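Here is run00.txt, consisting of compact mmCIF, C-alpha atoms:
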```
# COMPACT_ATOMS: atom_id res chain seq x y z
CA MET F 1 -13.63 1.38 -34.17
CA THR F 2 -14.84 -2.22 -34.57
CA THR F 3 -13.04 -5.37 -33.43
CA GLN F 4 -12.44 -6.16 -37.11
CA ASN F 5 -10.77 -2.76 -37.65
CA THR F 6 -8.53 -3.27 -34.63
CA GLU F 7 -7.63 -6.80 -35.69
CA GLN F 8 -6.65 -5.60 -39.15
CA LEU F 9 -4.53 -2.76 -37.77
CA TYR F 10 -2.74 -5.27 -35.53
CA LYS F 11 -2.25 -7.68 -38.42
CA ASP F 12 -0.80 -4.95 -40.63
CA ASN F 13 1.30 -3.09 -38.08
CA VAL F 14 2.03 -4.93 -34.79
CA LEU F 15 4.80 -7.52 -34.50
CA GLY F 16 3.16 -10.92 -34.19
CA ASN F 17 5.06 -12.20 -31.15
CA TYR F 18 1.88 -12.68 -29.12
CA GLY F 19 -0.86 -15.21 -29.90
CA LEU F 20 -3.68 -12.71 -29.42
CA PRO F 21 -7.32 -13.86 -29.10
CA PRO F 22 -10.05 -12.13 -31.18
CA ILE F 23 -11.03 -9.71 -28.44
CA THR F 24 -10.34 -6.04 -27.67
CA PHE F 25 -10.78 -4.62 -24.19
CA THR F 26 -11.86 -0.99 -24.04
CA ARG F 27 -12.54 -0.16 -20.38
CA GLY F 28 -12.22 -1.51 -16.85
CA ARG F 29 -13.43 -0.76 -13.34
CA GLY F 30 -12.37 -2.62 -10.20
CA VAL F 31 -12.16 -6.34 -10.96
CA ARG F 32 -14.27 -6.02 -14.12
CA VAL F 33 -13.25 -5.33 -17.70
CA TRP F 34 -15.38 -4.86 -20.84
CA ASP F 35 -14.66 -5.59 -24.49
CA ASP F 36 -15.67 -3.43 -27.45
CA ALA F 37 -18.91 -5.37 -27.83
CA GLY F 38 -19.88 -4.43 -24.28
CA LYS F 39 -19.36 -7.91 -22.81
CA GLU F 40 -18.32 -7.91 -19.14
CA TYR F 41 -15.57 -10.13 -17.74
CA ILE F 42 -14.14 -10.83 -14.28
CA ASP F 43 -10.46 -10.01 -14.58
CA PHE F 44 -8.44 -12.55 -12.60
CA CYS F 45 -5.44 -11.99 -14.84
CA SER F 46 -4.84 -8.40 -13.65
CA GLY F 47 -2.57 -7.70 -16.61
CA ILE F 48 -0.42 -10.62 -15.34
CA ALA F 49 -0.35 -9.61 -11.66
CA VAL F 50 0.03 -5.89 -12.40
CA LEU F 51 -3.33 -4.37 -11.41
CA THR F 52 -2.88 -4.37 -7.63
CA LEU F 53 -5.87 -2.04 -7.13
CA GLY F 54 -7.89 -3.31 -10.08
CA HIS F 55 -8.90 -1.10 -12.96
CA SER F 56 -9.06 2.70 -12.53
CA HIS F 57 -8.96 2.95 -8.73
CA PRO F 58 -9.98 6.58 -7.99
CA LYS F 59 -6.93 7.38 -5.83
CA HIS F 60 -4.55 5.86 -8.39
CA VAL F 61 -6.15 7.77 -11.24
CA SER F 62 -6.16 11.01 -9.23
CA ALA F 63 -2.45 10.66 -8.37
CA ILE F 64 -1.53 10.13 -12.03
CA GLN F 65 -3.65 13.08 -13.17
CA ALA F 66 -2.24 15.43 -10.53
CA GLN F 67 1.38 14.44 -11.19
CA ALA F 68 0.96 14.62 -14.98
CA ALA F 69 -0.21 18.21 -14.59
CA GLU F 70 2.81 19.07 -12.43
CA LEU F 71 5.95 17.20 -13.64
CA ILE F 72 6.23 14.03 -15.73
CA HIS F 73 9.91 13.41 -16.42
CA VAL F 74 13.31 14.92 -15.66
CA SER F 75 15.60 11.86 -16.22
CA ASN F 76 17.95 10.49 -13.59
CA LEU F 77 20.36 13.34 -14.21
CA TYR F 78 18.29 15.24 -11.64
CA ARG F 79 16.51 14.43 -8.38
CA ASN F 80 12.74 14.29 -8.07
CA GLN F 81 10.75 14.24 -4.84
CA LYS F 82 8.44 11.34 -5.73
CA GLN F 83 11.37 9.01 -6.44
CA ALA F 84 12.93 9.89 -3.07
CA LEU F 85 9.65 9.22 -1.25
CA LEU F 86 9.05 5.90 -3.03
CA ALA F 87 12.62 4.73 -2.40
CA ALA F 88 12.23 5.52 1.32
CA GLU F 89 8.96 3.57 1.46
CA LEU F 90 10.37 0.51 -0.31
CA ASN F 91 13.48 0.60 1.85
CA ARG F 92 11.24 0.62 4.92
CA LYS F 93 9.18 -2.31 3.64
CA ALA F 94 12.38 -4.27 2.90
CA GLY F 95 13.50 -3.81 6.51
CA GLY F 96 15.67 -0.72 6.03
CA GLY F 97 19.43 -0.49 5.66
CA GLY F 98 19.45 -0.62 1.90
CA LYS F 99 19.27 1.41 -1.30
CA VAL F 100 16.78 1.33 -4.18
CA PHE F 101 17.31 1.57 -7.95
CA PHE F 102 14.34 2.23 -10.23
CA CYS F 103 13.90 0.89 -13.73
CA ASN F 104 11.03 0.03 -16.07
CA SER F 105 10.18 -3.67 -15.72
CA GLY F 106 10.82 -6.94 -13.95
CA ALA F 107 13.28 -8.05 -16.62
CA GLU F 108 15.26 -4.84 -16.16
CA ALA F 109 15.20 -5.27 -12.37
CA ASN F 110 16.54 -8.80 -12.73
CA GLU F 111 19.25 -7.58 -15.12
CA ALA F 112 20.43 -5.28 -12.33
CA LEU F 113 20.51 -8.23 -9.91
CA ILE F 114 22.58 -10.28 -12.36
CA LYS F 115 24.97 -7.35 -12.82
CA LEU F 116 25.19 -7.05 -9.02
CA SER F 117 26.28 -10.70 -8.86
CA ARG F 118 29.09 -9.99 -11.36
CA LEU F 119 30.26 -6.92 -9.44
CA TYR F 120 30.17 -8.87 -6.18
CA GLY F 121 32.13 -11.78 -7.63
CA LYS F 122 34.80 -9.46 -8.98
CA ALA F 123 35.08 -7.57 -5.68
CA LYS F 124 35.28 -10.80 -3.65
CA SER F 125 37.75 -12.67 -5.85
CA GLY F 126 39.70 -9.62 -6.96
CA GLN F 127 39.46 -10.78 -10.53
CA GLU F 128 36.92 -10.37 -13.33
CA ALA F 129 35.32 -13.55 -14.74
CA LYS F 130 36.58 -15.73 -11.86
CA GLN F 131 33.58 -15.80 -9.50
CA PHE F 132 30.50 -15.16 -11.61
CA LYS F 133 28.27 -18.28 -11.62
CA VAL F 134 24.64 -17.87 -10.52
CA ILE F 135 22.57 -20.86 -9.40
CA VAL F 136 18.93 -20.64 -10.52
CA ALA F 137 15.97 -22.96 -10.03
CA GLU F 138 14.48 -25.29 -12.62
CA LYS F 139 11.30 -23.85 -14.22
CA ALA F 140 12.40 -20.33 -13.22
CA PHE F 141 11.37 -17.28 -15.21
CA HIS F 142 13.52 -14.17 -14.79
CA GLY F 143 12.63 -12.23 -17.93
CA ARG F 144 13.19 -12.03 -21.68
CA THR F 145 16.22 -9.76 -21.89
CA PHE F 146 19.43 -11.65 -22.68
CA GLY F 147 20.53 -11.84 -19.05
CA GLY F 148 17.05 -12.67 -17.77
CA MET F 149 16.51 -15.23 -20.53
CA SER F 150 19.87 -16.87 -19.76
CA ALA F 151 18.70 -17.21 -16.14
CA THR F 152 15.45 -18.81 -17.34
CA PRO F 153 16.03 -22.53 -17.96
CA GLN F 154 13.04 -23.09 -20.24
CA GLU F 155 13.45 -24.23 -23.85
CA LYS F 156 10.45 -22.19 -25.01
CA ILE F 157 12.21 -19.05 -23.75
CA GLN F 158 15.83 -19.81 -24.69
CA GLY F 159 15.26 -21.73 -27.94
CA GLY F 160 16.45 -19.88 -31.05
CA PHE F 161 18.54 -17.35 -29.17
CA ARG F 162 21.70 -19.26 -28.30
CA PRO F 163 24.52 -18.63 -27.46
CA LEU F 164 23.25 -17.23 -24.19
CA VAL F 165 25.01 -15.29 -21.45
CA PRO F 166 27.29 -17.83 -19.71
CA GLY F 167 27.46 -18.49 -15.99
CA PHE F 168 24.08 -19.93 -15.00
CA GLU F 169 23.61 -23.38 -13.46
CA THR F 170 20.29 -25.00 -12.58
CA ALA F 171 19.08 -26.97 -9.56
CA PRO F 172 15.58 -28.27 -8.69
CA LEU F 173 13.39 -25.90 -6.66
CA ASN F 174 13.11 -26.85 -2.97
CA ASP F 175 16.05 -29.30 -3.29
CA LEU F 176 18.56 -27.73 -0.91
CA PRO F 177 21.19 -30.51 -1.28
CA ALA F 178 21.15 -29.95 -5.07
CA PHE F 179 21.78 -26.22 -4.57
CA GLU F 180 24.57 -27.02 -2.09
CA LYS F 181 26.16 -29.36 -4.62
CA ALA F 182 25.95 -26.75 -7.40
CA VAL F 183 27.87 -24.12 -5.41
CA ASP F 184 31.61 -24.02 -6.08
CA GLU F 185 34.42 -21.46 -5.99
CA SER F 186 33.11 -19.79 -9.17
CA THR F 187 29.65 -19.14 -7.65
CA SER F 188 28.72 -15.56 -6.82
CA ALA F 189 24.98 -15.86 -6.09
CA ILE F 190 21.82 -17.93 -5.76
CA PHE F 191 18.80 -16.39 -7.52
CA VAL F 192 15.22 -17.65 -6.97
CA GLU F 193 11.61 -16.50 -7.21
CA THR F 194 9.83 -16.94 -3.88
CA ILE F 195 6.83 -18.23 -5.82
CA GLN F 196 7.46 -19.18 -9.43
CA GLY F 197 4.74 -17.69 -11.62
CA GLU F 198 5.20 -18.46 -15.28
CA GLY F 199 6.92 -21.72 -14.33
CA GLY F 200 3.66 -23.10 -12.91
CA VAL F 201 2.90 -21.37 -9.57
CA ASN F 202 5.55 -23.26 -7.59
CA PRO F 203 6.23 -21.80 -4.10
CA CYS F 204 9.57 -22.07 -2.32
CA GLU F 205 9.18 -24.02 0.91
CA ILE F 206 9.96 -21.97 4.02
CA GLU F 207 12.71 -24.38 5.10
CA PHE F 208 14.24 -24.19 1.62
CA LEU F 209 14.46 -20.38 1.72
CA GLN F 210 15.93 -20.50 5.21
CA GLY F 211 18.40 -23.13 4.02
CA LEU F 212 19.43 -20.97 1.06
CA ARG F 213 20.07 -18.04 3.41
CA ALA F 214 22.29 -20.20 5.61
CA LEU F 215 24.08 -21.66 2.57
CA CYS F 216 24.79 -18.21 1.14
CA ASP F 217 26.10 -17.01 4.50
CA GLU F 218 28.33 -20.08 4.84
CA LYS F 219 29.75 -19.80 1.32
CA GLY F 220 29.95 -16.00 1.23
CA ILE F 221 27.68 -15.61 -1.79
CA LEU F 222 24.63 -13.45 -2.47
CA LEU F 223 21.00 -14.48 -2.02
CA LEU F 224 19.02 -12.68 -4.73
CA ILE F 225 15.22 -12.89 -4.52
CA ASP F 226 12.94 -12.29 -7.52
CA GLU F 227 9.66 -10.86 -6.21
CA VAL F 228 8.60 -9.42 -9.56
CA GLN F 229 5.30 -11.34 -9.68
CA CYS F 230 4.80 -12.60 -6.13
CA GLY F 231 5.71 -9.32 -4.37
CA ILE F 232 3.76 -6.15 -3.49
CA GLY F 233 1.22 -8.01 -1.38
CA ARG F 234 0.16 -10.73 -3.79
CA SER F 235 1.05 -13.56 -1.39
CA GLY F 236 -0.59 -11.88 1.63
CA THR F 237 2.61 -10.29 2.92
CA PHE F 238 4.29 -7.35 1.19
CA PHE F 239 7.16 -9.61 0.08
CA ALA F 240 6.45 -13.32 -0.22
CA PHE F 241 9.80 -14.25 1.38
CA GLU F 242 8.74 -12.56 4.65
CA GLU F 243 7.00 -15.76 5.71
CA ALA F 244 10.42 -17.46 5.91
CA GLY F 245 11.80 -14.73 8.18
CA ILE F 246 14.89 -14.19 6.04
CA ARG F 247 16.66 -11.06 4.78
CA PRO F 248 17.90 -11.32 1.17
CA ASP F 249 20.93 -9.43 -0.08
CA ALA F 250 18.90 -7.93 -2.90
CA ILE F 251 15.31 -8.00 -4.16
CA GLY F 252 13.85 -7.48 -7.64
CA MET F 253 10.30 -6.15 -7.91
CA ALA F 254 7.99 -4.77 -10.60
CA LYS F 255 4.51 -5.78 -11.86
CA GLY F 256 2.14 -4.78 -9.02
CA LEU F 257 4.30 -1.91 -7.76
CA GLY F 258 2.87 0.67 -10.15
CA GLY F 259 -0.71 -0.60 -10.06
CA GLY F 260 -0.80 -0.65 -13.86
CA VAL F 261 1.98 1.69 -14.96
CA PRO F 262 5.41 0.28 -15.93
CA ILE F 263 7.95 0.32 -13.11
CA GLY F 264 10.68 -1.97 -11.83
CA ALA F 265 12.80 -1.57 -8.72
CA VAL F 266 15.75 -3.22 -7.03
CA TRP F 267 16.49 -3.08 -3.32
CA ILE F 268 20.10 -3.82 -2.32
CA ASP F 269 21.39 -4.23 1.22
CA ASP F 270 23.81 -1.45 2.25
CA LYS F 271 26.61 -4.06 2.52
CA HIS F 272 26.55 -4.42 -1.27
CA ALA F 273 24.84 -1.27 -2.57
CA SER F 274 28.15 0.56 -3.01
CA LEU F 275 29.20 -2.01 -5.67
CA PHE F 276 27.18 0.18 -8.02
CA HIS F 277 28.71 3.61 -8.47
CA ALA F 278 28.07 6.59 -10.70
CA GLY F 279 28.18 5.41 -14.30
CA SER F 280 28.12 1.65 -13.62
CA HIS F 281 24.40 1.25 -14.37
CA GLY F 282 21.47 3.39 -15.44
CA THR F 283 18.19 3.84 -17.27
CA THR F 284 16.41 6.77 -18.90
CA PHE F 285 12.83 6.30 -17.72
CA GLY F 286 13.24 4.56 -14.34
CA GLY F 287 11.78 6.44 -11.39
CA THR F 288 10.05 9.29 -13.19
CA PRO F 289 7.86 11.56 -11.04
CA LEU F 290 4.75 10.31 -12.86
CA ILE F 291 5.44 6.62 -12.34
CA CYS F 292 6.59 7.05 -8.75
CA ALA F 293 3.44 9.03 -7.91
CA ALA F 294 1.36 6.14 -9.23
CA ALA F 295 3.39 3.62 -7.21
CA LEU F 296 3.13 5.73 -4.03
CA ALA F 297 -0.66 5.87 -4.47
CA THR F 298 -0.71 2.09 -4.94
CA LEU F 299 1.20 1.51 -1.70
CA GLU F 300 -0.96 4.01 0.20
CA VAL F 301 -4.18 2.26 -0.86
CA LEU F 302 -2.62 -1.10 -0.03
CA ASP F 303 -2.31 0.09 3.58
CA GLU F 304 -5.47 2.23 3.82
CA GLU F 305 -7.78 -0.51 2.54
CA GLN F 306 -5.92 -3.27 4.46
CA LEU F 307 -5.51 -5.27 1.28
CA LEU F 308 -2.90 -7.62 2.73
CA GLN F 309 -5.45 -8.86 5.24
CA ASN F 310 -8.00 -9.12 2.43
CA VAL F 311 -5.59 -11.30 0.44
CA ARG F 312 -4.76 -13.52 3.42
CA THR F 313 -8.40 -14.10 4.41
CA ASN F 314 -9.91 -14.54 0.97
CA GLY F 315 -6.84 -16.30 -0.40
CA THR F 316 -7.25 -19.03 2.19
CA TYR F 317 -10.92 -19.37 1.22
CA PHE F 318 -9.98 -19.43 -2.48
CA VAL F 319 -7.50 -22.28 -1.92
CA GLU F 320 -10.09 -24.26 0.06
CA GLN F 321 -12.63 -23.92 -2.74
CA LEU F 322 -10.10 -24.93 -5.42
CA ALA F 323 -9.17 -27.94 -3.28
CA ALA F 324 -12.87 -28.87 -3.20
CA LEU F 325 -12.92 -28.58 -6.99
CA LYS F 326 -9.94 -30.95 -7.16
CA ALA F 327 -11.77 -33.40 -4.90
CA GLU F 328 -14.85 -33.24 -7.16
CA PHE F 329 -12.90 -33.64 -10.41
CA PRO F 330 -9.73 -35.54 -9.40
CA SER F 331 -9.02 -36.88 -12.88
CA TYR F 332 -8.94 -33.36 -14.34
CA VAL F 333 -7.82 -30.98 -11.56
CA LEU F 334 -4.55 -32.61 -10.54
CA ASP F 335 -3.09 -30.09 -8.10
CA VAL F 336 -3.80 -26.77 -6.34
CA ARG F 337 -0.88 -24.55 -5.36
CA GLY F 338 0.22 -21.05 -4.49
CA ARG F 339 -0.51 -18.51 -1.75
CA GLY F 340 -2.79 -15.52 -1.29
CA TYR F 341 -3.93 -14.16 -4.65
CA MET F 342 -1.29 -16.06 -6.64
CA LEU F 343 -2.89 -19.46 -7.12
CA GLY F 344 -2.91 -22.13 -9.77
CA ILE F 345 -4.59 -25.39 -10.64
CA GLN F 346 -2.74 -28.04 -12.61
CA ILE F 347 -5.10 -29.66 -15.09
CA ALA F 348 -4.93 -32.84 -17.14
CA GLU F 349 -4.34 -31.12 -20.49
CA VAL F 350 -2.56 -28.19 -22.08
CA PRO F 351 -4.21 -25.15 -20.42
CA LEU F 352 -4.81 -22.95 -23.47
CA GLU F 353 -8.19 -24.47 -24.43
CA MET F 354 -9.46 -24.15 -20.86
CA VAL F 355 -8.28 -20.52 -20.74
CA VAL F 356 -10.31 -19.82 -23.88
CA LYS F 357 -13.41 -21.54 -22.46
CA LEU F 358 -13.14 -19.62 -19.19
CA ARG F 359 -12.81 -16.34 -21.08
CA GLU F 360 -15.85 -17.15 -23.22
CA ALA F 361 -17.73 -17.80 -19.96
CA GLY F 362 -16.66 -14.40 -18.61
CA LEU F 363 -13.49 -15.05 -16.60
CA VAL F 364 -10.07 -13.81 -17.76
CA VAL F 365 -7.10 -15.84 -16.45
CA PRO F 366 -3.56 -16.49 -17.73
CA PRO F 367 -1.99 -19.91 -18.33
CA ALA F 368 1.35 -20.96 -16.86
CA GLY F 369 3.90 -23.68 -17.45
CA GLY F 370 3.27 -27.25 -16.38
CA ASN F 371 -0.40 -27.37 -17.53
CA VAL F 372 -1.37 -24.77 -14.95
CA ILE F 373 -4.08 -22.11 -14.99
CA ARG F 374 -3.20 -19.11 -12.86
CA PHE F 375 -5.59 -17.02 -10.75
CA LEU F 376 -4.17 -13.52 -10.19
CA PRO F 377 -7.09 -11.34 -9.03
CA PRO F 378 -6.55 -7.68 -8.12
CA LEU F 379 -5.85 -7.41 -4.39
CA ILE F 380 -9.18 -5.60 -3.98
CA ALA F 381 -11.12 -8.71 -5.06
CA SER F 382 -13.78 -9.68 -2.51
CA LYS F 383 -15.11 -13.08 -1.44
CA ALA F 384 -18.15 -12.39 -3.64
CA ASP F 385 -15.86 -11.82 -6.65
CA ILE F 386 -14.07 -15.08 -5.89
CA ASP F 387 -17.36 -16.97 -5.54
CA GLU F 388 -18.51 -15.63 -8.91
CA ALA F 389 -15.24 -16.67 -10.55
CA LEU F 390 -15.33 -20.09 -8.89
CA ALA F 391 -18.84 -20.72 -10.20
CA ILE F 392 -17.57 -20.10 -13.74
CA VAL F 393 -14.55 -22.35 -13.18
CA LYS F 394 -16.69 -25.16 -11.80
CA ASN F 395 -19.18 -25.03 -14.68
CA VAL F 396 -16.45 -24.94 -17.33
CA VAL F 397 -14.45 -27.74 -15.69
CA ALA F 398 -17.58 -29.91 -15.40
CA SER F 399 -18.40 -29.28 -19.04
CA ARG F 400 -14.82 -30.03 -20.13
CA VAL F 401 -14.70 -33.25 -18.09
CA ALA F 402 -17.98 -34.34 -19.73
CA GLU F 403 -16.52 -33.53 -23.18
CA LEU F 404 -13.37 -35.52 -22.53
CA SER F 405 -15.37 -38.44 -21.12
CA ALA F 406 -17.48 -38.56 -24.28
CA THR F 407 -14.42 -38.46 -26.58
CA PRO F 408 -13.35 -41.93 -27.80
CA ALA F 409 -9.88 -42.88 -26.58
```
Whole structure, structure tokens version:
Amino acid sequence: MTTQNTEQLYKDNVLGNYGLPPITFTRGRGVRVWDDAGKEYIDFCSGIAVLTLGHSHPKHVSAIQAQAAELIHVSNLYRNQKQALLAAELNRKAGGGGKVFFCNSGAEANEALIKLSRLYGKAKSGQEAKQFKVIVAEKAFHGRTFGGMSATPQEKIQGGFRPLVPGFETAPLNDLPAFEKAVDESTSAIFVETIQGEGGVNPCEIEFLQGLRALCDEKGILLLIDEVQCGIGRSGTFFAFEEAGIRPDAIGMAKGLGGGVPIGAVWIDDKHASLFHAGSHGTTFGGTPLICAAALATLEVLDEEQLLQNVRTNGTYFVEQLAALKAEFPSYVLDVRGRGYMLGIQIAEVPLEMVVKLREAGLVVPPAGGNVIRFLPPLIASKADIDEALAIVKNVVASRVAELSATPA
């Protein structure tokens, strides 16, 4: 099938809610992906932080093949061994003393966290709709379901869909006094991403996270942490909040957990896990044997190949090189931010054109809010992969700066 055939089939049959470029990927291996014309690209998008092990890691593929031949789905009306094993592993990585719920995506995981906040508020106040407000951060992104979208204070996400779910109030990220001021007797939870992704790669400061934990303890409200994009090793620790030394009341995770297959999960501390009971929440596909086998393989490779250390070492190098790029082109590269393999550069224009130019030069990256280009390499990416990507970035930035300099004001 040609690119033209695929484009026409999309045009005739696929809902046009994505601004798709004229390109069709057909295969991938490691950090590389190829289109249907045979062109090779470095994939530093990773399916938006999903491909923890890159494309078609042998152990990941083998686990999916073996499980597909044995048992794919039984629903949550019955137990399956792979779900039990994965829940135990995630509970261990969260510090133990909790319970895990499996779903299909980050948005669905965050919906469960929002529902937890409502159950908690009702249990604490003794009355429904009395203590239900959730404080979220400016520029947050918690998903595109109605609850997740209502917790996402961005006009491009909420516009056209009002009225939204009530009960969300916004405060600036890393502004602890503003969060303190926003909390009142109707507040049930504070809900933040440890590192905002879509909002522009904005990390929570360690002192801010520690302050939120203390504030939630003082006020008797929940601290909910969204690790959908920044979790599963992307920051250099399994959960990005670990660097702050805190223990959240509940954690949402997804993207990188399945290594490329759709899975979401929620970890809830035992103190609050019993707020959910049989019949209060559910999902048909969450935690199938097939998906959990893929996630278990992902976590096993993460440990076996010491990918967290790889991310910490090479992520530091990556940041240093991007900082050097900023120093060389200060009028165009305005800021460098992020941790590990979740980095971004803020540039002096809307990022879409630069994303296209980078892709044409052989590097696939996603944009983010706030004129930011994200770098989300698979956790297997080596220093040599990073150097190759950086060479493309430097050439394209230099060319773009020359273009802009030659353009009459």
Tell me, as a ChimeraX atom specification, which residues lie within 12 Å of Leu343 of chain F, counting only C-alpha atoms; anything in the same chain fewer than 6 positions away does not count. /F:44-45,49,195-198,200-203,229-230,234-236,311,314-323,335-337,365-368,372-377
Pull the closest atom pair for each residue of segment 166-242 of chain F that gets at most 12 Å from segment 134-155 of chain F, along with the distance in Å to one decimal, counting all atoms listed in the file, ordering rows by chain and then ascending residue number, as a Markdown table.
```
| residue | atom | partner | partner_atom | distance |
| --- | --- | --- | --- | --- |
| F:Pro166 | CA | F:Ser150 | CA | 7.5 |
| F:Gly167 | CA | F:Val134 | CA | 6.2 |
| F:Phe168 | CA | F:Val134 | CA | 5.0 |
| F:Glu169 | CA | F:Ile135 | CA | 4.9 |
| F:Thr170 | CA | F:Val136 | CA | 5.0 |
| F:Ala171 | CA | F:Ala137 | CA | 5.1 |
| F:Pro172 | CA | F:Glu138 | CA | 5.1 |
| F:Leu173 | CA | F:Ala137 | CA | 5.2 |
| F:Asn174 | CA | F:Ala137 | CA | 8.6 |
| F:Asp175 | CA | F:Ala137 | CA | 9.3 |
| F:Leu176 | CA | F:Ala137 | CA | 10.6 |
| F:Ala178 | CA | F:Ala137 | CA | 10.0 |
| F:Phe179 | CA | F:Ile135 | CA | 7.3 |
| F:Glu180 | CA | F:Ile135 | CA | 9.8 |
| F:Lys181 | CA | F:Ile135 | CA | 10.4 |
| F:Ala182 | CA | F:Ile135 | CA | 7.1 |
| F:Val183 | CA | F:Ile135 | CA | 7.4 |
| F:Asp184 | CA | F:Ile135 | CA | 10.1 |
| F:Glu185 | CA | F:Val134 | CA | 11.4 |
| F:Ser186 | CA | F:Val134 | CA | 8.8 |
| F:Thr187 | CA | F:Val134 | CA | 5.9 |
| F:Ser188 | CA | F:Val134 | CA | 6.0 |
| F:Ala189 | CA | F:Val134 | CA | 4.9 |
| F:Ile190 | CA | F:Ile135 | CA | 4.7 |
| F:Phe191 | CA | F:Val136 | CA | 5.2 |
| F:Val192 | CA | F:Val136 | CA | 5.9 |
| F:Glu193 | CA | F:Ala140 | CA | 7.2 |
| F:Thr194 | CA | F:Ala140 | CA | 10.3 |
| F:Ile195 | CA | F:Ala140 | CA | 9.5 |
| F:Gln196 | CA | F:Ala140 | CA | 6.3 |
| F:Gly197 | CA | F:Phe141 | CA | 7.6 |
| F:Glu198 | CA | F:Phe141 | CA | 6.3 |
| F:Gly199 | CA | F:Lys139 | CA | 4.9 |
| F:Gly200 | CA | F:Lys139 | CA | 7.8 |
| F:Val201 | CA | F:Lys139 | CA | 9.9 |
| F:Asn202 | CA | F:Lys139 | CA | 8.8 |
| F:Pro203 | CA | F:Ala140 | CA | 11.1 |
| F:Cys204 | CA | F:Ala137 | CA | 10.1 |
| F:Phe208 | CA | F:Ala137 | CA | 11.8 |
| F:Leu212 | CA | F:Ile135 | CA | 10.9 |
| F:Cys216 | CA | F:Ile135 | CA | 11.1 |
| F:Ile221 | CA | F:Val134 | CA | 9.5 |
| F:Leu222 | CA | F:Val134 | CA | 9.2 |
| F:Leu223 | CA | F:Val134 | CA | 9.8 |
| F:Leu224 | CA | F:Val134 | CA | 9.6 |
| F:Ile225 | CA | F:Val136 | CA | 10.5 |
| F:Asp226 | CA | F:His142 | CA | 7.5 |
| F:Glu227 | CA | F:His142 | CA | 10.0 |
| F:Val228 | CA | F:His142 | CA | 8.6 |
| F:Gln229 | CA | F:His142 | CA | 10.1 |
```
Proximity to Asp269 of chain F - best of F:Gly282, F:Leu404, F:Gly106, F:Arg247, all atoms listed in the file: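 Between F:Gly282, F:Leu404, F:Gly106, F:Arg247, the residue approaching Asp269 of chain F most closely is F:Arg247.
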Smallest atom-to-atom distance to Pro330 of chain F: which of F:Ala69, F:Val401, F:Val14, F:Leu299, using all atoms listed in the file? F:Val401
What separates atom CA of Ala66 of chain F and atom CA of Thr298 of chain F is a distance of 14.5 Å
Rounded to one decimal place, report the atom CA of Gln65 of chain F-atom CA of Gly252 of chain F distance in Å. 27.6 Å
May I have the residues within 10 Å of His281 of chain F as a PyMOL selection string, using only C-alpha atoms and disregarding those fewer than 6 positions away in the same chain? chain F and resi 101+112+115-116
Just to confirm, what's the straight-line distance from atom CA of Gly258 of chain F to atom CA of Ala295 of chain F in Å (one decimal)?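 These atoms are spaced 4.2 Å apart.
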Skip segment 2-6 of chain F itself and residues of its chain fewer than 2 positions away, then list as a VMD selection string all residues within 9 Å of it, counting all atoms listed in the file. chain F and resid 8 to 11 22 to 24 36 to 37
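Closest approach to His277 of chain F among F:Met342, F:Cys103, F:Val61, F:Leu119 is made by F:Leu119 (distances from all atoms listed in the file).
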Would you please work out which residue, of F:Ala324, F:Ile114, F:Cys292, F:Met1, is nearest to Asp35 of chain F when using all atoms listed in the file?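 Of the candidates, the smallest distance to Asp35 of chain F is held by F:Met1.
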